[in-house]
$ cat upload34.txt   # compact mmCIF, C-alpha atoms
# COMPACT_ATOMS: atom_id res chain seq x y z
CA MET P 28 2.24 12.80 119.74
CA THR P 29 -0.88 14.17 118.08
CA GLN P 30 -3.10 11.22 117.42
CA LEU P 31 -5.63 13.12 115.32
CA LEU P 32 -5.05 16.35 113.43
CA PHE P 33 -8.18 18.13 112.25
CA ILE P 34 -7.65 20.48 109.30
CA LEU P 35 -10.48 22.99 109.13
CA SER P 36 -10.77 24.87 105.82
CA HIS P 37 -14.41 25.95 105.53
CA PRO P 38 -15.40 29.55 106.22
CA PRO P 39 -18.33 30.18 108.57
CA GLY P 40 -21.52 31.69 107.25
CA SER P 41 -23.45 30.20 104.39
CA SER P 42 -22.67 26.53 104.95
CA ILE P 43 -22.93 24.49 108.12
CA TYR P 44 -19.74 22.63 107.26
CA ALA P 45 -17.53 24.73 109.53
CA GLN P 46 -19.74 24.03 112.54
CA GLU P 47 -20.01 20.34 111.78
CA ALA P 48 -16.25 20.11 111.32
CA PHE P 49 -15.78 21.62 114.78
CA ASP P 50 -18.24 19.06 116.16
CA ALA P 51 -16.06 16.34 114.67
CA ALA P 52 -12.98 17.83 116.33
CA LEU P 53 -14.74 17.92 119.70
CA ALA P 54 -15.75 14.29 119.22
CA GLY P 55 -12.12 13.50 118.47
CA SER P 56 -11.03 15.18 121.68
CA ALA P 57 -13.20 12.79 123.68
CA PHE P 58 -11.28 9.82 122.32
CA SER P 59 -7.74 10.96 121.79
CA ASN P 60 -5.13 13.67 121.77
CA ILE P 61 -6.07 16.05 118.97
CA ALA P 62 -4.73 19.15 117.30
CA ILE P 63 -6.66 21.63 115.18
CA LEU P 64 -5.25 23.55 112.24
CA PHE P 65 -7.19 26.39 110.62
CA VAL P 66 -6.17 26.91 107.01
CA GLY P 67 -7.27 29.04 104.10
CA ALA P 68 -10.78 30.43 104.46
CA GLY P 69 -11.14 28.24 107.54
CA CYS P 70 -9.21 30.91 109.43
CA LEU P 71 -12.23 33.17 109.01
CA GLN P 72 -14.02 31.02 111.60
CA LEU P 73 -11.80 32.68 114.19
CA ILE P 74 -13.36 36.13 113.73
CA GLU P 75 -15.52 36.98 116.72
CA PRO P 76 -19.19 36.97 115.64
CA LYS P 77 -20.79 40.35 116.36
CA LEU P 78 -24.53 39.84 116.00
CA ALA P 79 -26.73 38.58 118.80
CA VAL P 80 -27.29 34.84 118.70
CA GLU P 81 -30.89 35.06 117.51
CA ALA P 82 -29.86 37.20 114.51
CA HIS P 83 -27.84 34.38 112.93
CA GLN P 84 -29.07 31.76 110.53
CA ARG P 85 -26.35 29.64 112.02
CA LYS P 86 -25.38 29.03 115.64
CA ASP P 87 -22.29 31.05 116.56
CA PHE P 88 -20.43 27.87 117.31
CA GLN P 89 -17.15 29.79 117.25
CA ARG P 90 -17.66 30.77 120.88
CA GLY P 91 -17.00 27.11 121.56
CA PHE P 92 -13.38 27.63 120.58
CA ARG P 93 -12.85 29.29 123.99
CA ALA P 94 -13.84 26.02 125.65
CA LEU P 95 -11.19 23.96 123.84
CA PRO P 96 -8.87 23.89 126.88
CA ASP P 97 -11.76 22.40 128.88
CA TYR P 98 -11.70 19.55 126.35
CA HIS P 99 -7.92 19.24 126.88
CA VAL P 100 -7.31 20.63 123.39
CA HIS P 101 -4.29 22.90 123.63
CA ASP P 102 -2.74 22.45 120.20
CA VAL P 103 -4.71 24.95 118.14
CA TYR P 104 -2.91 26.31 115.12
CA GLY P 105 -3.52 28.73 112.28
CA CYS P 106 -1.72 29.03 108.97
CA GLU P 107 0.29 32.24 109.08
CA ASP P 108 0.05 32.68 105.30
CA SER P 109 -3.73 32.37 105.46
CA PHE P 110 -3.89 34.84 108.34
CA ASN P 111 -2.04 37.35 106.17
CA GLN P 112 -4.10 36.56 103.08
CA PHE P 113 -7.42 37.06 104.86
CA GLY P 114 -6.38 40.03 106.99
CA LEU P 115 -6.96 38.22 110.28
CA HIS P 116 -4.43 40.41 112.10
CA ASN P 117 -6.88 43.31 111.72
CA GLN P 118 -9.80 41.41 113.22
CA VAL P 119 -10.99 40.68 116.72
CA LEU P 120 -10.60 36.94 117.13
CA VAL P 121 -12.38 34.52 119.41
CA ILE P 122 -9.07 32.83 120.22
CA GLU P 123 -5.49 33.36 119.15
CA PRO P 124 -4.10 30.17 117.69
CA THR P 125 -0.41 29.51 117.40
CA LEU P 126 0.56 30.64 113.92
CA LEU P 127 2.54 28.22 111.77
CA THR P 128 4.61 28.79 108.68
CA GLN P 129 4.26 26.29 105.85
CA PRO P 130 7.39 24.37 106.98
CA ASP P 131 5.88 24.24 110.49
CA ILE P 132 2.69 22.82 108.98
CA ALA P 133 4.66 20.19 107.09
CA ALA P 134 6.32 19.20 110.37
CA LEU P 135 2.92 19.09 112.13
CA LEU P 136 1.60 16.75 109.45
CA LYS P 137 4.58 14.42 109.92
CA ARG P 138 3.96 14.28 113.69
CA ALA P 139 0.27 13.46 113.35
CA GLN P 140 -0.82 9.85 113.54
CA ARG P 141 -3.93 10.50 111.44
CA VAL P 142 -5.28 13.57 109.63
CA LEU P 143 -8.96 14.33 109.08
CA CYS P 144 -9.65 17.01 106.46
CA PHE P 145 -12.75 19.16 106.62
CA MET B 23 -4.14 -2.37 104.85
CA ASN B 24 -7.23 -1.27 106.70
CA PHE B 25 -8.97 1.87 105.44
CA ALA B 26 -11.47 4.34 106.86
CA LEU B 27 -13.32 6.56 104.40
CA ASN B 28 -14.70 9.96 105.45
CA ILE B 29 -17.16 11.15 102.78
CA GLN B 30 -18.58 14.66 102.94
CA GLY B 31 -20.06 15.89 99.67
CA SER B 32 -23.67 15.94 98.53
CA PRO B 33 -24.86 13.47 95.86
CA HIS B 34 -25.90 16.39 93.66
CA THR B 35 -23.32 19.12 94.13
CA SER B 36 -20.16 17.09 94.61
CA ASN B 37 -18.31 14.14 93.15
CA SER B 38 -17.10 12.93 96.52
CA LEU B 39 -19.59 10.03 96.82
CA TRP B 40 -18.66 8.87 93.32
CA SER B 41 -14.91 9.25 93.89
CA ALA B 42 -15.18 7.41 97.18
CA LEU B 43 -17.24 4.63 95.60
CA ASN B 44 -14.62 4.04 92.92
CA PHE B 45 -11.77 4.36 95.42
CA ALA B 46 -13.50 1.84 97.68
CA GLN B 47 -13.98 -0.63 94.82
CA ALA B 48 -10.34 -0.29 93.82
CA CYS B 49 -9.28 -0.64 97.44
CA LEU B 50 -11.21 -3.87 97.90
CA SER B 51 -10.04 -5.24 94.55
CA GLU B 52 -6.44 -4.63 95.65
CA GLY B 53 -7.11 -6.86 98.64
CA HIS B 54 -7.36 -4.18 101.30
CA ARG B 55 -10.05 -4.00 103.96
CA ILE B 56 -12.39 -1.10 104.61
CA HIS B 57 -13.05 -0.84 108.33
CA ARG B 58 -15.82 1.73 107.94
CA VAL B 59 -17.27 4.18 105.46
CA PHE B 60 -18.43 7.25 107.38
CA PHE B 61 -20.84 9.66 105.72
CA TYR B 62 -20.78 13.21 107.10
CA HIS B 63 -22.11 16.63 106.11
CA ASP B 64 -24.28 16.41 102.99
CA ALA B 65 -23.02 12.94 102.07
CA VAL B 66 -25.70 11.46 104.33
CA LEU B 67 -28.25 12.49 101.70
CA VAL B 68 -27.22 9.47 99.65
CA ALA B 69 -29.00 7.27 102.21
CA ASN B 70 -32.45 8.74 101.53
CA THR B 71 -34.71 5.95 100.35
CA LEU B 72 -37.09 8.50 98.86
CA LEU B 73 -34.59 9.58 96.18
CA ALA B 74 -35.97 8.83 92.72
CA PRO B 75 -33.34 9.76 90.15
CA PRO B 76 -34.09 9.29 86.46
CA GLN B 77 -33.38 5.78 85.16
CA ASP B 78 -30.60 7.00 82.89
CA GLU B 79 -28.68 8.67 85.72
CA MET B 80 -26.26 7.10 88.17
CA ASN B 81 -28.04 5.94 91.30
CA LEU B 82 -25.45 6.44 94.01
CA THR B 83 -27.75 5.02 96.66
CA THR B 84 -28.06 1.63 95.02
CA ALA B 85 -24.39 1.70 94.03
CA TRP B 86 -23.33 2.12 97.65
CA GLN B 87 -25.91 -0.41 98.83
CA THR B 88 -24.57 -2.97 96.35
CA LEU B 89 -20.95 -2.39 97.32
CA GLY B 90 -21.89 -2.50 100.98
CA GLN B 91 -23.73 -5.77 100.54
CA ASP B 92 -21.10 -7.42 98.33
CA TYR B 93 -18.31 -6.66 100.81
CA ASN B 94 -20.24 -6.50 104.09
CA LEU B 95 -19.21 -2.88 104.61
CA ASP B 96 -20.15 -0.73 107.59
CA LEU B 97 -21.87 2.23 105.88
CA CYS B 98 -22.24 4.57 108.82
CA LEU B 99 -24.03 7.93 108.78
CA CYS B 100 -23.56 10.66 111.37
CA VAL B 101 -26.78 11.04 113.38
CA ALA B 102 -26.46 14.82 113.76
CA SER B 103 -25.89 15.29 110.03
CA CYS B 104 -28.85 13.00 109.35
CA LEU B 105 -31.28 14.77 111.63
CA ARG B 106 -30.42 18.17 110.17
CA ARG B 107 -30.98 16.88 106.64
CA GLY B 108 -34.02 14.71 107.26
CA ILE B 109 -32.55 11.23 107.03
CA LEU B 110 -34.35 9.28 109.72
CA ASN B 111 -34.52 5.65 110.73
CA ASP B 112 -37.68 4.28 112.33
CA SER B 113 -36.73 5.14 115.90
CA GLU B 114 -35.68 8.70 115.07
CA ALA B 115 -38.84 9.22 113.00
CA GLN B 116 -40.90 8.10 115.96
CA ARG B 117 -38.90 10.19 118.40
CA PHE B 118 -39.38 13.35 116.35
CA GLU B 119 -42.99 12.49 115.45
CA LYS B 120 -42.35 12.43 111.70
CA THR B 121 -44.77 10.75 109.32
CA THR B 122 -42.19 8.43 107.84
CA SER B 123 -38.67 7.16 108.11
CA ASN B 124 -36.50 7.16 105.03
CA LEU B 125 -33.20 5.49 105.83
CA ALA B 126 -32.15 3.35 102.90
CA ALA B 127 -31.33 -0.28 103.59
CA GLY B 128 -27.72 -1.12 104.16
CA PHE B 129 -26.88 2.16 105.89
CA ASN B 130 -26.83 2.64 109.65
CA ILE B 131 -26.99 5.81 111.73
CA SER B 132 -24.52 6.36 114.53
CA GLY B 133 -22.36 9.01 116.12
CA LEU B 134 -19.14 10.82 115.34
CA GLY B 135 -17.40 8.38 117.63
CA GLN B 136 -17.57 5.88 114.78
CA LEU B 137 -15.55 8.22 112.56
CA ILE B 138 -13.01 8.77 115.30
CA GLU B 139 -12.71 5.08 116.15
CA ALA B 140 -12.34 4.16 112.50
CA SER B 141 -9.66 6.79 112.02
CA LEU B 142 -7.68 5.59 115.02
CA VAL B 143 -7.79 1.86 114.27
CA SER B 144 -7.35 2.01 110.48
CA ASP B 145 -4.02 2.26 108.72
CA ARG B 146 -5.26 5.02 106.44
CA VAL B 147 -8.15 7.49 106.69
CA ILE B 148 -9.12 9.11 103.39
CA SER B 149 -11.35 12.18 103.32
CA PHE B 150 -13.49 12.86 100.25
CA GLY B 151 -14.34 16.51 100.71
CA ALA B 152 -17.29 18.43 99.46
CA MET G 20 5.77 11.45 101.74
CA MET G 21 2.27 12.93 101.72
CA LEU G 22 -0.35 12.62 98.99
CA HIS G 23 -2.32 15.84 98.43
CA THR G 24 -5.57 15.65 96.45
CA PHE G 25 -7.18 18.74 94.96
CA ASN G 26 -10.76 18.51 93.74
CA SER G 27 -11.10 22.01 92.25
CA SER G 28 -8.96 24.64 90.56
CA ASP G 29 -9.61 26.94 93.54
CA ALA G 30 -8.36 24.30 95.94
CA TYR G 31 -5.14 23.92 93.95
CA ARG G 32 -4.61 27.68 93.78
CA MET G 33 -5.28 28.11 97.49
CA HIS G 34 -3.43 25.10 98.86
CA GLY G 35 -1.15 23.73 96.13
CA HIS G 36 1.89 25.30 97.77
CA ARG G 37 1.42 23.06 100.82
CA ALA G 38 2.87 20.07 98.98
CA SER G 39 6.56 19.64 99.76
CA ALA G 40 9.19 18.66 97.26
CA GLU G 41 8.96 15.01 98.28
CA ASP G 42 5.14 14.90 98.26
CA LEU G 43 2.79 13.93 95.46
CA ILE G 44 -0.12 15.96 94.11
CA LEU G 45 -3.23 14.28 92.71
CA LEU G 46 -5.80 16.26 90.74
CA ILE G 47 -9.26 14.73 90.97
CA GLU G 48 -12.84 15.69 90.13
CA ASP G 49 -12.99 19.33 89.03
CA GLY G 50 -9.36 19.70 90.05
CA VAL G 51 -8.42 18.22 86.67
CA PHE G 52 -9.58 21.50 85.07
CA ILE G 53 -6.39 23.15 86.31
CA THR G 54 -4.63 21.27 83.49
CA THR G 55 -6.43 23.57 81.05
CA GLN G 56 -5.28 26.69 82.90
CA GLN G 57 -1.67 26.04 83.83
CA ASP G 58 1.22 24.18 82.30
CA LEU G 59 2.08 21.64 84.97
CA THR G 60 4.49 19.56 82.91
CA GLU G 61 7.57 20.75 84.82
CA ASP G 62 6.17 19.63 88.16
CA LYS G 63 6.98 15.93 88.41
CA ARG G 64 4.90 15.55 91.59
CA ILE G 65 1.64 15.97 89.67
CA ARG G 66 -0.70 13.07 88.99
CA VAL G 67 -4.11 13.37 87.36
CA LEU G 68 -6.98 10.93 87.75
CA ARG G 69 -7.55 9.57 84.28
CA GLU G 70 -11.24 8.86 84.71
CA ASP G 71 -12.03 12.40 85.84
CA LEU G 72 -10.26 13.82 82.79
CA ALA G 73 -12.24 11.50 80.52
CA GLN G 74 -15.52 12.32 82.21
CA ARG G 75 -14.89 15.99 81.48
CA GLY G 76 -13.83 15.39 77.89
CA LEU G 77 -10.29 16.57 78.52
CA PRO G 78 -7.26 15.09 76.80
CA GLU G 79 -4.59 13.44 78.87
CA PRO G 80 -1.82 16.05 79.10
CA SER G 81 1.41 14.80 77.65
CA ALA G 82 4.30 14.60 80.11
CA ILE G 83 1.91 14.40 83.09
CA THR G 84 1.29 11.02 84.67
CA CYS G 85 -2.36 10.05 84.52
CA ILE G 86 -3.45 7.40 86.96
CA THR G 87 -6.33 5.07 87.77
CA TYR G 88 -8.23 4.57 91.00
CA SER G 89 -6.09 1.52 91.71
CA ASP G 90 -2.99 3.68 91.35
CA TRP G 91 -4.58 6.16 93.78
CA VAL G 92 -5.07 3.36 96.29
CA ARG G 93 -1.42 2.34 95.89
CA LEU G 94 -0.29 5.92 96.41
CA THR G 95 -2.23 6.15 99.66
CA VAL G 96 -0.55 2.97 100.87
CA GLU G 97 2.86 4.51 100.10
CA SER G 98 2.02 7.87 101.72
CA GLN G 99 2.01 8.77 105.38
CA HIS G 100 -1.23 10.75 104.95
CA CYS G 101 -3.66 11.52 102.12
CA LEU G 102 -4.74 15.15 102.47
CA SER G 103 -7.94 16.29 100.79
CA TRP G 104 -7.99 19.96 99.77
CA THR G 105 -11.35 21.20 98.55
CA ARG G 106 -11.43 24.96 98.78
$ encode --input "upload34.txt" --output "structure tokens"
Amino acid sequence: MTQLLFILSHPPGSSIYAQEAFDAALAGSAFSNIAILFVGAGCLQLIEPKLAVEAHQRKDFQRGFRALPDYHVHDVYGCEDSFNQFGLHNQVLVIEPTLLTQPDIAALLKRAQRVLCF
Amino acid sequence: MNFALNIQGSPHTSNSLWSALNFAQACLSEGHRIHRVFFYHDAVLVANTLLAPPQDEMNLTTAWQTLGQDYNLDLCLCVASCLRRGILNDSEAQRFEKTTSNLAAGFNISGLGQLIEASLVSDRVISFGA
Amino acid sequence: MMLHTFNSSDAYRMHGHRASAEDLILLIEDGVFITTQQDLTEDKRIRVLREDLAQRGLPEPSAITCITYSDWVRLTVESQHCLSWTR
């Protein structure tokens, strides 16, 4: 059972919210069994950053997604509708989440013990 | 029931602190308990003792302080969010060699673990997004 | 049953479809502005936070249930999760 489901909806870039939301998910993984769901503009976090680290205003925290298995986080999902809406299939992604239809997402919500929305 | 509140929005560009305040008051009036109120992202800015809003505007800092005092609430701020945004208690101000601390009374600074713990032990966790 | 809150018109447009037939939808904060843009009277899942309508000078739409903060609390007790959609 997923104890904590983290729903990540912020795009990367201008705000630090996406990075801080990922920090919260990592903190969750230290305490419990978590799942992560990227939805809406949050899916844009999955696009591989292309500039060198020092050229960003923000840390390219997205590289941390590759380390999720090291944190025992294996349930990483993306909304299929959002992937289509934002053209993610045409992008190079940092990781490839399992894509969920909206009925799949509804089922994921039912299985989660608690949901944290970011 | 036992509630955990996860508040994220800034005092000035979001209603989330206001919505959460009213939700919390209603929650407590209905006889529920609030295990913890966790302030994350820009919501930590509400705990800046140097805020000086005009007298005829809502003072969210004092509103949260009053609610926290009346109901003995755990008003917990994320340390990482605080440091980024310049909300420092005395020990952090000293550690980072700042000229002053500015953490408002009634709030405490801790880690994300407090959000996670609150979410796991409470019956409901409510997020008030930015 | 899930309770979905939407705090902006954009949030409702982007994520409103995520509410299932048995879920409830609560418009809060700037989310109440969607009542000026769409006719939601046919969707019986919709609730609107009364105070946020009043704060914005909007009339309470007829045939849409307007609720208080206490009602919101009760809905969260009755729901499995309260999902906050903001963008």
$ atom_distance --input "upload34.txt" --atom1 "CA of Ser98 (chain G)" --atom2 "CA of Gln112 (chain P)"
29.4 Å
$ atom_distance --input "upload34.txt" --atom1 "CA of Arg37 (chain G)" --atom2 "CA of Asp145 (chain B)"
22.9 Å
$ closest_residue --input "upload34.txt" --among "P:Gln72, P:Ser41, P:Gln46, P:Ser36" --to "Ile122 (chain P)" --atoms "all atoms listed in the file"
P:Gln72
$ residues_around --input "upload34.txt" --residues "Asp108 (chain P)" --least-positions-apart "5" --cutoff "9 Å" --atoms "all atoms listed in the file" --output "ChimeraX atom specification"
/P:66-67,113,126-129
$ interface_residues --input "upload34.txt" --of "chain B" --to "chain G" --cutoff "12 Å" --atoms "only C-alpha atoms" --output "ChimeraX atom specification"
/B:23-31,35-56,141,144-152
$ residues_around --input "upload34.txt" --residues "region 50-53 of chain G" --least-positions-apart "2" --cutoff "10 Å" --atoms "all atoms listed in the file" --output "PyMOL selection string"
chain G and resi 24-32+45-48+55-59+66-73+75+77+79+104-105
$ interface_residues --input "upload34.txt" --of "chain P" --to "chain G" --cutoff "10 Å" --atoms "all atoms listed in the file" --output "JSON, numbers by chain"
{"P": [34, 36, 37, 38, 66, 67, 68, 69, 109, 129, 130, 132, 133, 136, 137, 139, 140, 141, 142, 143, 144, 145]}
$ residues_near_point --input "upload34.txt" --point "(-26.6, 9.6, 114.5)" --cutoff "7 Å" --atoms "only C-alpha atoms" --output "JSON, numbers by chain"
{"B": [99, 100, 101, 102, 104, 131, 132, 133]}
$ atom_distance --input "upload34.txt" --atom1 "CA of Gly40 (chain P)" --atom2 "CA of Arg93 (chain P)"
19.0 Å
$ axis_aligned_box --input "upload34.txt" --around "region 41-52 of chain B" --padding-each-side "4 Å" --output "lines of an AutoDock Vina configuration file"
center_x = -11.8
center_y = 2.0
center_z = 95.4
size_x = 18.8
size_y = 22.5
size_z = 13.0
$ closest_residue --input "upload34.txt" --among "P:Phe110, P:Ala134, P:Phe49, P:Phe58" --to "chain B" --atoms "only C-alpha atoms"
P:Phe58
$ closest_residue --input "upload34.txt" --among "P:Ala54, P:Leu32, P:Ala94, P:Cys106" --to "chain B" --atoms "all atoms listed in the file"
P:Ala54
$ residues_around --input "upload34.txt" --residues "Asn70 (chain B)" --least-positions-apart "6" --cutoff "9 Å" --atoms "all atoms listed in the file" --output "ChimeraX atom specification"
/B:83,108-110,124-126
$ residues_near_point --input "upload34.txt" --point "(-29.9, 3.5, 98.1)" --cutoff "10 Å" --atoms "only C-alpha atoms" --output "PyMOL selection string"
chain B and resi 67-74+81-88+125-129
$ closest_residue --input "upload34.txt" --among "B:Glu119, B:Asp96, B:Asp64, B:Glu114" --to "chain P" --atoms "only C-alpha atoms"
B:Asp64
$ residues_around --input "upload34.txt" --residues "Gly91 (chain P)" --least-positions-apart "6" --cutoff "12 Å" --atoms "only C-alpha atoms" --output "ChimeraX atom specification"
/P:46,49-50,52-53,72-73,75-76,97-98,100,121-122
$ residues_around --input "upload34.txt" --residues "Glu123 (chain P)" --least-positions-apart "4" --cutoff "9 Å" --atoms "only C-alpha atoms" --output "PDB file with C-alpha atoms, in the coordinates of the input"
ATOM      1  CA  LEU P  73     -11.800  32.680 114.190  1.00  0.00           C
ATOM      2  CA  VAL P 103      -4.710  24.950 118.140  1.00  0.00           C
ATOM      3  CA  TYR P 104      -2.910  26.310 115.120  1.00  0.00           C
ATOM      4  CA  GLY P 105      -3.520  28.730 112.280  1.00  0.00           C
TER       5      GLY P 105
END
$ closest_residue --input "upload34.txt" --among "B:Ala65, B:Leu89, B:Met80, B:Cys98" --to "chain P" --atoms "only C-alpha atoms"
B:Ala65
$ closest_residue --input "upload34.txt" --among "P:Phe92, P:Phe65, P:Tyr44, P:Phe33" --to "chain B" --atoms "only C-alpha atoms"
P:Tyr44
$ decode --input "upload34.txt" --residues "region 59-141 of chain P" --atoms "C-alpha atoms" --output "PDB file, in the first residue's frame"
ATOM      1  CA  SER P  59       7.385   5.609   4.596  1.00  0.00           C
ATOM      2  CA  ASN P  60       6.454   3.966   1.346  1.00  0.00           C
ATOM      3  CA  ILE P  61       5.755   6.773  -1.117  1.00  0.00           C
ATOM      4  CA  ALA P  62       4.577   7.222  -4.670  1.00  0.00           C
ATOM      5  CA  ILE P  63       5.023  10.280  -6.863  1.00  0.00           C
ATOM      6  CA  LEU P  64       2.566  11.452  -9.494  1.00  0.00           C
ATOM      7  CA  PHE P  65       3.483  14.200 -11.953  1.00  0.00           C
ATOM      8  CA  VAL P  66       0.406  15.998 -13.258  1.00  0.00           C
ATOM      9  CA  GLY P  67      -0.343  18.975 -15.450  1.00  0.00           C
ATOM     10  CA  ALA P  68       2.573  21.366 -15.826  1.00  0.00           C
ATOM     11  CA  GLY P  69       4.370  19.317 -13.181  1.00  0.00           C
ATOM     12  CA  CYS P  70       5.214  16.850 -15.945  1.00  0.00           C
ATOM     13  CA  LEU P  71       7.507  19.499 -17.400  1.00  0.00           C
ATOM     14  CA  GLN P  72       9.893  18.821 -14.507  1.00  0.00           C
ATOM     15  CA  LEU P  73      10.767  15.579 -16.264  1.00  0.00           C
ATOM     16  CA  ILE P  74      12.422  17.300 -19.232  1.00  0.00           C
ATOM     17  CA  GLU P  75      16.182  16.869 -19.052  1.00  0.00           C
ATOM     18  CA  PRO P  76      17.790  20.247 -18.273  1.00  0.00           C
ATOM     19  CA  LYS P  77      20.280  21.183 -20.992  1.00  0.00           C
ATOM     20  CA  LEU P  78      22.301  24.082 -19.612  1.00  0.00           C
ATOM     21  CA  ALA P  79      25.349  23.626 -17.426  1.00  0.00           C
ATOM     22  CA  VAL P  80      24.588  23.792 -13.722  1.00  0.00           C
ATOM     23  CA  GLU P  81      26.136  27.219 -13.201  1.00  0.00           C
ATOM     24  CA  ALA P  82      23.954  28.717 -15.954  1.00  0.00           C
ATOM     25  CA  HIS P  83      20.733  28.123 -14.007  1.00  0.00           C
ATOM     26  CA  GLN P  84      19.077  30.446 -11.549  1.00  0.00           C
ATOM     27  CA  ARG P  85      17.778  27.289  -9.992  1.00  0.00           C
ATOM     28  CA  LYS P  86      19.544  24.046  -9.113  1.00  0.00           C
ATOM     29  CA  ASP P  87      18.776  21.352 -11.691  1.00  0.00           C
ATOM     30  CA  PHE P  88      17.196  19.228  -9.012  1.00  0.00           C
ATOM     31  CA  GLN P  89      15.582  17.074 -11.692  1.00  0.00           C
ATOM     32  CA  ARG P  90      18.759  15.020 -11.953  1.00  0.00           C
ATOM     33  CA  GLY P  91      17.779  13.769  -8.517  1.00  0.00           C
ATOM     34  CA  PHE P  92      14.893  11.882 -10.087  1.00  0.00           C
ATOM     35  CA  ARG P  93      17.429   9.289 -11.300  1.00  0.00           C
ATOM     36  CA  ALA P  94      18.317   8.583  -7.670  1.00  0.00           C
ATOM     37  CA  LEU P  95      14.751   7.757  -6.646  1.00  0.00           C
ATOM     38  CA  PRO P  96      15.377   3.979  -6.710  1.00  0.00           C
ATOM     39  CA  ASP P  97      18.246   4.555  -4.261  1.00  0.00           C
ATOM     40  CA  TYR P  98      15.606   6.028  -1.928  1.00  0.00           C
ATOM     41  CA  HIS P  99      13.454   2.914  -2.510  1.00  0.00           C
ATOM     42  CA  VAL P 100      10.976   4.993  -4.511  1.00  0.00           C
ATOM     43  CA  HIS P 101       9.838   2.852  -7.415  1.00  0.00           C
ATOM     44  CA  ASP P 102       6.270   4.064  -7.892  1.00  0.00           C
ATOM     45  CA  VAL P 103       6.798   7.107 -10.092  1.00  0.00           C
ATOM     46  CA  TYR P 104       3.875   8.009 -12.300  1.00  0.00           C
ATOM     47  CA  GLY P 105       2.946  10.608 -14.874  1.00  0.00           C
ATOM     48  CA  CYS P 106      -0.478  11.621 -16.112  1.00  0.00           C
ATOM     49  CA  GLU P 107      -0.798  10.373 -19.673  1.00  0.00           C
ATOM     50  CA  ASP P 108      -3.200  13.184 -20.603  1.00  0.00           C
ATOM     51  CA  SER P 109      -0.723  15.766 -19.318  1.00  0.00           C
ATOM     52  CA  PHE P 110       2.118  14.102 -21.214  1.00  0.00           C
ATOM     53  CA  ASN P 111       0.096  14.479 -24.408  1.00  0.00           C
ATOM     54  CA  GLN P 112      -0.984  18.024 -23.588  1.00  0.00           C
ATOM     55  CA  PHE P 113       2.566  19.226 -22.951  1.00  0.00           C
ATOM     56  CA  GLY P 114       4.241  17.254 -25.744  1.00  0.00           C
ATOM     57  CA  LEU P 115       6.427  15.252 -23.375  1.00  0.00           C
ATOM     58  CA  HIS P 116       6.705  12.360 -25.830  1.00  0.00           C
ATOM     59  CA  ASN P 117       8.840  14.629 -28.041  1.00  0.00           C
ATOM     60  CA  GLN P 118      11.250  15.535 -25.262  1.00  0.00           C
ATOM     61  CA  VAL P 119      14.297  13.912 -23.738  1.00  0.00           C
ATOM     62  CA  LEU P 120      13.276  13.039 -20.205  1.00  0.00           C
ATOM     63  CA  VAL P 121      15.359  12.551 -17.095  1.00  0.00           C
ATOM     64  CA  ILE P 122      13.318   9.466 -16.203  1.00  0.00           C
ATOM     65  CA  GLU P 123      10.394   7.675 -17.779  1.00  0.00           C
ATOM     66  CA  PRO P 124       7.555   7.421 -15.295  1.00  0.00           C
ATOM     67  CA  THR P 125       4.773   4.906 -15.645  1.00  0.00           C
ATOM     68  CA  LEU P 126       2.006   6.708 -17.491  1.00  0.00           C
ATOM     69  CA  LEU P 127      -1.481   6.561 -16.001  1.00  0.00           C
ATOM     70  CA  THR P 128      -4.850   7.252 -17.532  1.00  0.00           C
ATOM     71  CA  GLN P 129      -7.331   9.241 -15.486  1.00  0.00           C
ATOM     72  CA  PRO P 130      -9.100   6.053 -14.273  1.00  0.00           C
ATOM     73  CA  ASP P 131      -5.676   4.708 -13.238  1.00  0.00           C
ATOM     74  CA  ILE P 132      -5.086   7.930 -11.297  1.00  0.00           C
ATOM     75  CA  ALA P 133      -8.441   7.597  -9.572  1.00  0.00           C
ATOM     76  CA  ALA P 134      -7.462   4.058  -8.555  1.00  0.00           C
ATOM     77  CA  LEU P 135      -4.059   5.280  -7.322  1.00  0.00           C
ATOM     78  CA  LEU P 136      -5.763   7.882  -5.150  1.00  0.00           C
ATOM     79  CA  LYS P 137      -8.012   5.220  -3.615  1.00  0.00           C
ATOM     80  CA  ARG P 138      -4.977   3.056  -2.758  1.00  0.00           C
ATOM     81  CA  ALA P 139      -3.066   5.881  -1.083  1.00  0.00           C
ATOM     82  CA  GLN P 140      -3.246   6.231   2.669  1.00  0.00           C
ATOM     83  CA  ARG P 141      -2.542   9.968   2.524  1.00  0.00           C
TER      84      ARG P 141
END
